[in-house]
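Have a look at the structure below before the remarks.
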Amino acid sequence: MNPLVREPIDVSRLIASVSGPGFGASTTFVGSVRRAPEDGPVRAIDYSAYEEMAEAELCRVIAEAKERWPDVELVAQHRLGRVALGEASVAVVAGAPHRAQAFDACRYVMEGIKKRVPIWKKELFDDGEERWRDDEGGG
Amino acid sequence: MNPLVREPIDVSRLIASVSGPGFGASTTFVGSVRRAPEDGPVRAIDYSAYEEMAEAELCRVIAEAKERWPDVELVAQHRLGRVALGEASVAVVAGAPHRAQAFDACRYVMEGIKKRVPIWKKELFDDGEERWRDDEGGG
Amino acid sequence: MIRSQTGDIAVICRLFARYAEVVGREEVKIELPARATVGDAIARLRQVVPNGSQLPERPLVALNREHVLADHALADGDELALLPPLAGG
Amino acid sequence: MIRSQTGDIAVICRLFARYAEVVGREEVKIELPARATVGDAIARLRQVVPNGSQLPERPLVALNREHVLADHALADGDELALLPPLAGG
């Protein structure tokens, strides 16, 4: 499954893709474009990436998680381009025999995406203003 | 939303029910009936509960989580009755402004369900055998 | 003044899952002296129901739908539930 | 034997997001002496591109699509990327 997508993320499909008869647990993280009081009237976000590296780095993050939790299956997708308010910008699903692994691996991959995968966002506001946004503490 | 249900859990609907413009993060846990090598050929699980208490206790678990993470919104459902292999037996969704809260609150509720909510399961095997199952380390 | 040692309070015991199968009942009403504890009720129940001795001496218990410990005091009309090891999820 | 101080190796610098906007370029080829480091390349880049001084002196960097530190050595043909603070998710 392509990790960088320009169409809406189909979360149900991602969840289904890591389920199997031996998997009793799945943990799914979904990050969405939000309008927080402190952010002002955001209407969408434009995501861009250093695409070749973003794919490679996400692949490395997932490989590390699989080394650490070998029974876990993982899938992750990140949107690029224009993402409207409320739409998912990122989703990570971890399927596992047991819940602790599913939670830990899902979180590991999500932290890796935030800290290591070269993706940027520009917030688009109702009034037409645009602003590059660092993501301290965000979604 | 009723926390104890006898029909399939609609995970997408649960996720949608805790999303909102201020929520940039949601974490979803889904537990499913699994067929693990060590379990033998399970074909379904019959879930039963001390229903009045299960509802009350789940409500308390969620209230505790909301006290600890006030910005989080939570929803949880657990199946009762016959649940076939691969079907979801439990789902917990935490929506939050930020991802750490979403992960922590989702996990807190799921641990509470496993440790405190009076639900039992009887495994049904391919050969017609049935067995009450304690859930040490399970899904 | 002499008071009866039994029959001061009535408690509804509820049984679930494998415990209900063991004794063939889902509900048993028992009578106990005033100031009886949860532990006293379990001991009585194990005596009065068929196969009661196959129930554990210290099961997980809930009183009026909340988890409690065995030394918890009982009151007339209480609902006491014996909970097999939980297995939700 | 005297060797040229520049032009021994060529490195492609890639710029993204706000850094690309600052300098109005997404790609800049620079030449550097042998044994130059990532830090040397950044310093050169800040001199040669318009508004280069508005780029940070120590940005997050990736060499051939992997995160590296400023003391990392460069080789001819390397792809060096300057990464604004990451904001995925």
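Letters A, B, ... go to the chains of the structure tokens in the order shown; residues in each chain start at 1; ligands are counted from 1 in the same order.
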Can you work out which residues from chain A touch chain C at a cut-off of 10 Å (counting only C-alpha atoms) and hand them back as number ranges by chain? A: 24-25, 99
With all heavy atoms retained, write the just-selected residues as an mmCIF file, in the first residue's frame.
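Saved file out.cif follows:
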data_model
loop_
_atom_site.group_PDB
_atom_site.id
_atom_site.type_symbol
_atom_site.label_atom_id
_atom_site.label_comp_id
_atom_site.auth_asym_id
_atom_site.auth_seq_id
_atom_site.Cartn_x
_atom_site.Cartn_y
_atom_site.Cartn_z
ATOM 1 N N GLY A 24 -5.880 -10.778 17.508
ATOM 2 C CA GLY A 24 -7.000 -10.444 18.383
ATOM 3 C C GLY A 24 -7.109 -8.963 18.684
ATOM 4 O O GLY A 24 -8.057 -8.534 19.311
ATOM 5 N N ALA A 25 -6.117 -8.184 18.253
ATOM 6 C CA ALA A 25 -6.087 -6.787 18.667
ATOM 7 C C ALA A 25 -5.642 -5.899 17.511
ATOM 8 O O ALA A 25 -4.745 -6.259 16.762
ATOM 9 C CB ALA A 25 -5.114 -6.610 19.825
ATOM 10 N N ARG A 99 -3.039 -6.955 22.837
ATOM 11 C CA ARG A 99 -3.268 -5.527 22.768
ATOM 12 C C ARG A 99 -2.061 -4.665 23.112
ATOM 13 O O ARG A 99 -1.900 -3.582 22.539
ATOM 14 C CB ARG A 99 -4.474 -5.131 23.638
ATOM 15 C CG ARG A 99 -4.254 -5.201 25.145
ATOM 16 C CD ARG A 99 -5.575 -4.964 25.861
ATOM 17 N NE ARG A 99 -5.427 -4.949 27.305
ATOM 18 C CZ ARG A 99 -5.246 -6.043 28.049
ATOM 19 N NH1 ARG A 99 -5.160 -7.239 27.500
ATOM 20 N NH2 ARG A 99 -5.138 -5.940 29.364
#
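For chain B, the residues close to chain A, meaning within 7 Å and counting only C-alpha atoms, are B:Ser12, B:Gly20, B:Pro21, B:Gly22, B:Phe23, B:Gly24, B:Ala25, B:Ser26, B:Thr27, B:Thr28, B:Phe29, B:Val30, B:Gly31, B:Ser32, B:Val33, B:Arg34, B:Arg35, B:Ala36, B:Leu85, B:Gly86, B:Pro97, B:His98, B:Arg99, B:Gly137, B:Gly138, B:Gly139.
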Check chain C with DSSP on the backbone and list each residue it calls strand (DSSP E or B), as a count of residues only. 27
Just want the 9 Å neighbourhood of Pro85 (chain D), counted on only C-alpha atoms, with same-chain residues fewer than 5 positions away dropped. Output as an MDAnalysis selection string. (chainID A and resid 118:120 133:135) or (chainID D and resid 59:60)
Just list the residues in chain B DSSP gives alpha helix (DSSP H) on the backbone, as a PyMOL selection string. chain B and resi 11-17+51-68+99-116
List the spatial neighbours of Arg6 (chain B) as an MDAnalysis selection string - criterion: any atom at most 10 Å away, only C-alpha atoms, same-chain residues fewer than 6 positions off excluded. chainID B and resid 47 78:83 89
Output the selection as a tab-separated table (two decimals), in the first residue's frame - all heavy atoms for each residue.
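Output contents, as saved in selection_29.tsv:
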chain	number	residue	atom	x	y	z
B	47	TYR	N	-20.11	-14.44	24.41
B	47	TYR	CA	-19.84	-13.49	25.49
B	47	TYR	C	-21.09	-13.33	26.36
B	47	TYR	O	-22.20	-13.19	25.84
B	47	TYR	CB	-19.45	-12.12	24.94
B	47	TYR	CG	-18.04	-12.06	24.42
B	47	TYR	CD1	-17.76	-12.30	23.09
B	47	TYR	CD2	-16.99	-11.75	25.27
B	47	TYR	CE1	-16.46	-12.23	22.61
B	47	TYR	CE2	-15.68	-11.69	24.80
B	47	TYR	CZ	-15.43	-11.93	23.47
B	47	TYR	OH	-14.14	-11.87	23.00
B	78	HIS	N	-18.98	-3.21	23.67
B	78	HIS	CA	-18.59	-4.62	23.80
B	78	HIS	C	-19.73	-5.49	23.31
B	78	HIS	O	-20.88	-5.24	23.65
B	78	HIS	CB	-18.27	-4.95	25.26
B	78	HIS	CG	-17.41	-6.17	25.42
B	78	HIS	ND1	-17.82	-7.43	25.05
B	78	HIS	CD2	-16.14	-6.31	25.87
B	78	HIS	CE1	-16.84	-8.29	25.29
B	78	HIS	NE2	-15.81	-7.64	25.79
B	79	ARG	N	-19.40	-6.48	22.49
B	79	ARG	CA	-20.43	-7.41	22.02
B	79	ARG	C	-20.82	-8.37	23.12
B	79	ARG	O	-19.99	-8.79	23.93
B	79	ARG	CB	-19.88	-8.28	20.86
B	79	ARG	CG	-19.81	-7.65	19.52
B	79	ARG	CD	-21.13	-7.61	18.78
B	79	ARG	NE	-21.71	-8.85	18.34
B	79	ARG	CZ	-21.43	-9.49	17.21
B	79	ARG	NH1	-20.50	-9.04	16.41
B	79	ARG	NH2	-22.08	-10.59	16.88
B	80	LEU	N	-22.08	-8.81	23.10
B	80	LEU	CA	-22.53	-9.94	23.91
B	80	LEU	C	-23.13	-10.97	22.96
B	80	LEU	O	-23.49	-10.67	21.83
B	80	LEU	CB	-23.57	-9.49	24.93
B	80	LEU	CG	-23.06	-8.54	26.02
B	80	LEU	CD1	-24.19	-8.23	27.01
B	80	LEU	CD2	-21.85	-9.12	26.75
B	81	GLY	N	-23.23	-12.20	23.44
B	81	GLY	CA	-23.77	-13.26	22.59
B	81	GLY	C	-22.69	-13.85	21.72
B	81	GLY	O	-21.49	-13.71	21.97
B	82	ARG	N	-23.13	-14.51	20.64
B	82	ARG	CA	-22.22	-15.24	19.76
B	82	ARG	C	-21.46	-14.30	18.84
B	82	ARG	O	-22.07	-13.53	18.10
B	82	ARG	CB	-23.07	-16.21	18.92
B	82	ARG	CG	-22.31	-17.10	17.96
B	82	ARG	CD	-21.68	-18.29	18.64
B	82	ARG	NE	-22.54	-18.97	19.59
B	82	ARG	CZ	-23.15	-20.12	19.37
B	82	ARG	NH1	-23.04	-20.75	18.23
B	82	ARG	NH2	-23.88	-20.67	20.32
B	83	VAL	N	-20.13	-14.35	18.88
B	83	VAL	CA	-19.29	-13.52	18.02
B	83	VAL	C	-18.39	-14.45	17.21
B	83	VAL	O	-17.62	-15.23	17.77
B	83	VAL	CB	-18.44	-12.52	18.83
B	83	VAL	CG1	-17.66	-11.60	17.89
B	83	VAL	CG2	-19.33	-11.69	19.75
B	89	SER	N	-15.09	-7.97	19.01
B	89	SER	CA	-15.80	-8.19	20.28
B	89	SER	C	-15.84	-6.93	21.11
B	89	SER	O	-16.72	-6.76	21.95
B	89	SER	CB	-15.12	-9.30	21.07
B	89	SER	OG	-13.74	-9.03	21.22
Got a sec: who's within 10 Å of Ala20 (chain C), counting only C-alpha atoms, leaving out chain neighbours fewer than 5 positions off, as a PDB file with C-alpha atoms, in the first residue's frame?
ATOM      1  CA  ARG C  14     -25.995 -13.769  41.809  1.00  0.00           C
ATOM      2  CA  LEU C  15     -23.896 -16.271  39.919  1.00  0.00           C
ATOM      3  CA  ARG C  25     -28.404 -21.543  39.637  1.00  0.00           C
ATOM      4  CA  GLU C  26     -28.110 -17.887  38.686  1.00  0.00           C
ATOM      5  CA  GLU C  27     -29.635 -16.490  41.830  1.00  0.00           C
ATOM      6  CA  LEU C  55     -17.049 -22.396  44.220  1.00  0.00           C
ATOM      7  CA  LEU C  82     -19.736 -13.839  42.559  1.00  0.00           C
ATOM      8  CA  LEU C  83     -17.633 -13.048  39.503  1.00  0.00           C
ATOM      9  CA  PRO C  84     -15.541 -15.699  37.747  1.00  0.00           C
TER      10      PRO C  84
END
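For Val23 (chain C), the residues within 7 Å (counting only C-alpha atoms, excluding itself and residues fewer than 3 positions away along the chain) are Tyr19, Ala20, Val49, Pro50, Asn51 and Gly52 of chain C.
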Please compute the CA of Val28 (chain D)-CA of Leu45 (chain D) distance, one decimal, in Å. 8.0 Å
Please compute the CA of Phe16 (chain C)-CA of Val61 (chain C) distance, one decimal, in Å.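 Going from CA of Phe16 (chain C) over to CA of Val61 (chain C), I get 11.1 Å.
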Contacts of Trp132 (chain B) at 9 Å or less, counting only C-alpha atoms, minus same-chain residues fewer than 4 places along, as number ranges by chain? B: 120-123; C: 17-18
Keeping only N, CA, C and O atoms, write the selected residues as a PDB file, in the first residue's frame.
ATOM      1  N   TRP B 120     -17.717 -12.381  30.465  1.00  0.00           N
ATOM      2  CA  TRP B 120     -17.052 -13.690  30.380  1.00  0.00           C
ATOM      3  C   TRP B 120     -17.171 -14.236  28.976  1.00  0.00           C
ATOM      4  O   TRP B 120     -18.071 -13.868  28.228  1.00  0.00           O
ATOM      5  N   LYS B 121     -16.237 -15.137  28.651  1.00  0.00           N
ATOM      6  CA  LYS B 121     -16.343 -15.716  27.326  1.00  0.00           C
ATOM      7  C   LYS B 121     -16.201 -17.226  27.362  1.00  0.00           C
ATOM      8  O   LYS B 121     -15.400 -17.789  28.094  1.00  0.00           O
ATOM      9  N   LYS B 122     -17.019 -17.838  26.525  1.00  0.00           N
ATOM     10  CA  LYS B 122     -16.963 -19.274  26.337  1.00  0.00           C
ATOM     11  C   LYS B 122     -16.547 -19.512  24.897  1.00  0.00           C
ATOM     12  O   LYS B 122     -17.213 -19.060  23.972  1.00  0.00           O
ATOM     13  N   GLU B 123     -15.429 -20.226  24.735  1.00  0.00           N
ATOM     14  CA  GLU B 123     -14.950 -20.515  23.387  1.00  0.00           C
ATOM     15  C   GLU B 123     -15.703 -21.708  22.812  1.00  0.00           C
ATOM     16  O   GLU B 123     -15.908 -22.714  23.493  1.00  0.00           O
TER      17      GLU B 123
ATOM     18  N   ALA C  17     -21.673 -17.127  34.534  1.00  0.00           N
ATOM     19  CA  ALA C  17     -20.725 -17.894  33.713  1.00  0.00           C
ATOM     20  C   ALA C  17     -20.460 -19.259  34.355  1.00  0.00           C
ATOM     21  O   ALA C  17     -21.398 -19.989  34.682  1.00  0.00           O
ATOM     22  N   ARG C  18     -19.211 -19.611  34.560  1.00  0.00           N
ATOM     23  CA  ARG C  18     -18.922 -20.966  35.039  1.00  0.00           C
ATOM     24  C   ARG C  18     -19.456 -21.203  36.458  1.00  0.00           C
ATOM     25  O   ARG C  18     -19.784 -22.331  36.798  1.00  0.00           O
TER      26      ARG C  18
END
One-decimal distance in Å that lies between CA of Glu67 (chain A) and CA of Leu4 (chain A):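 Here the two named atoms are 22.6 Å from each other.
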Which residue of A:Glu38, A:Val72, A:Glu7, A:Gln77 approaches Val117 (chain A) most closely, using only C-alpha atoms: A:Gln77
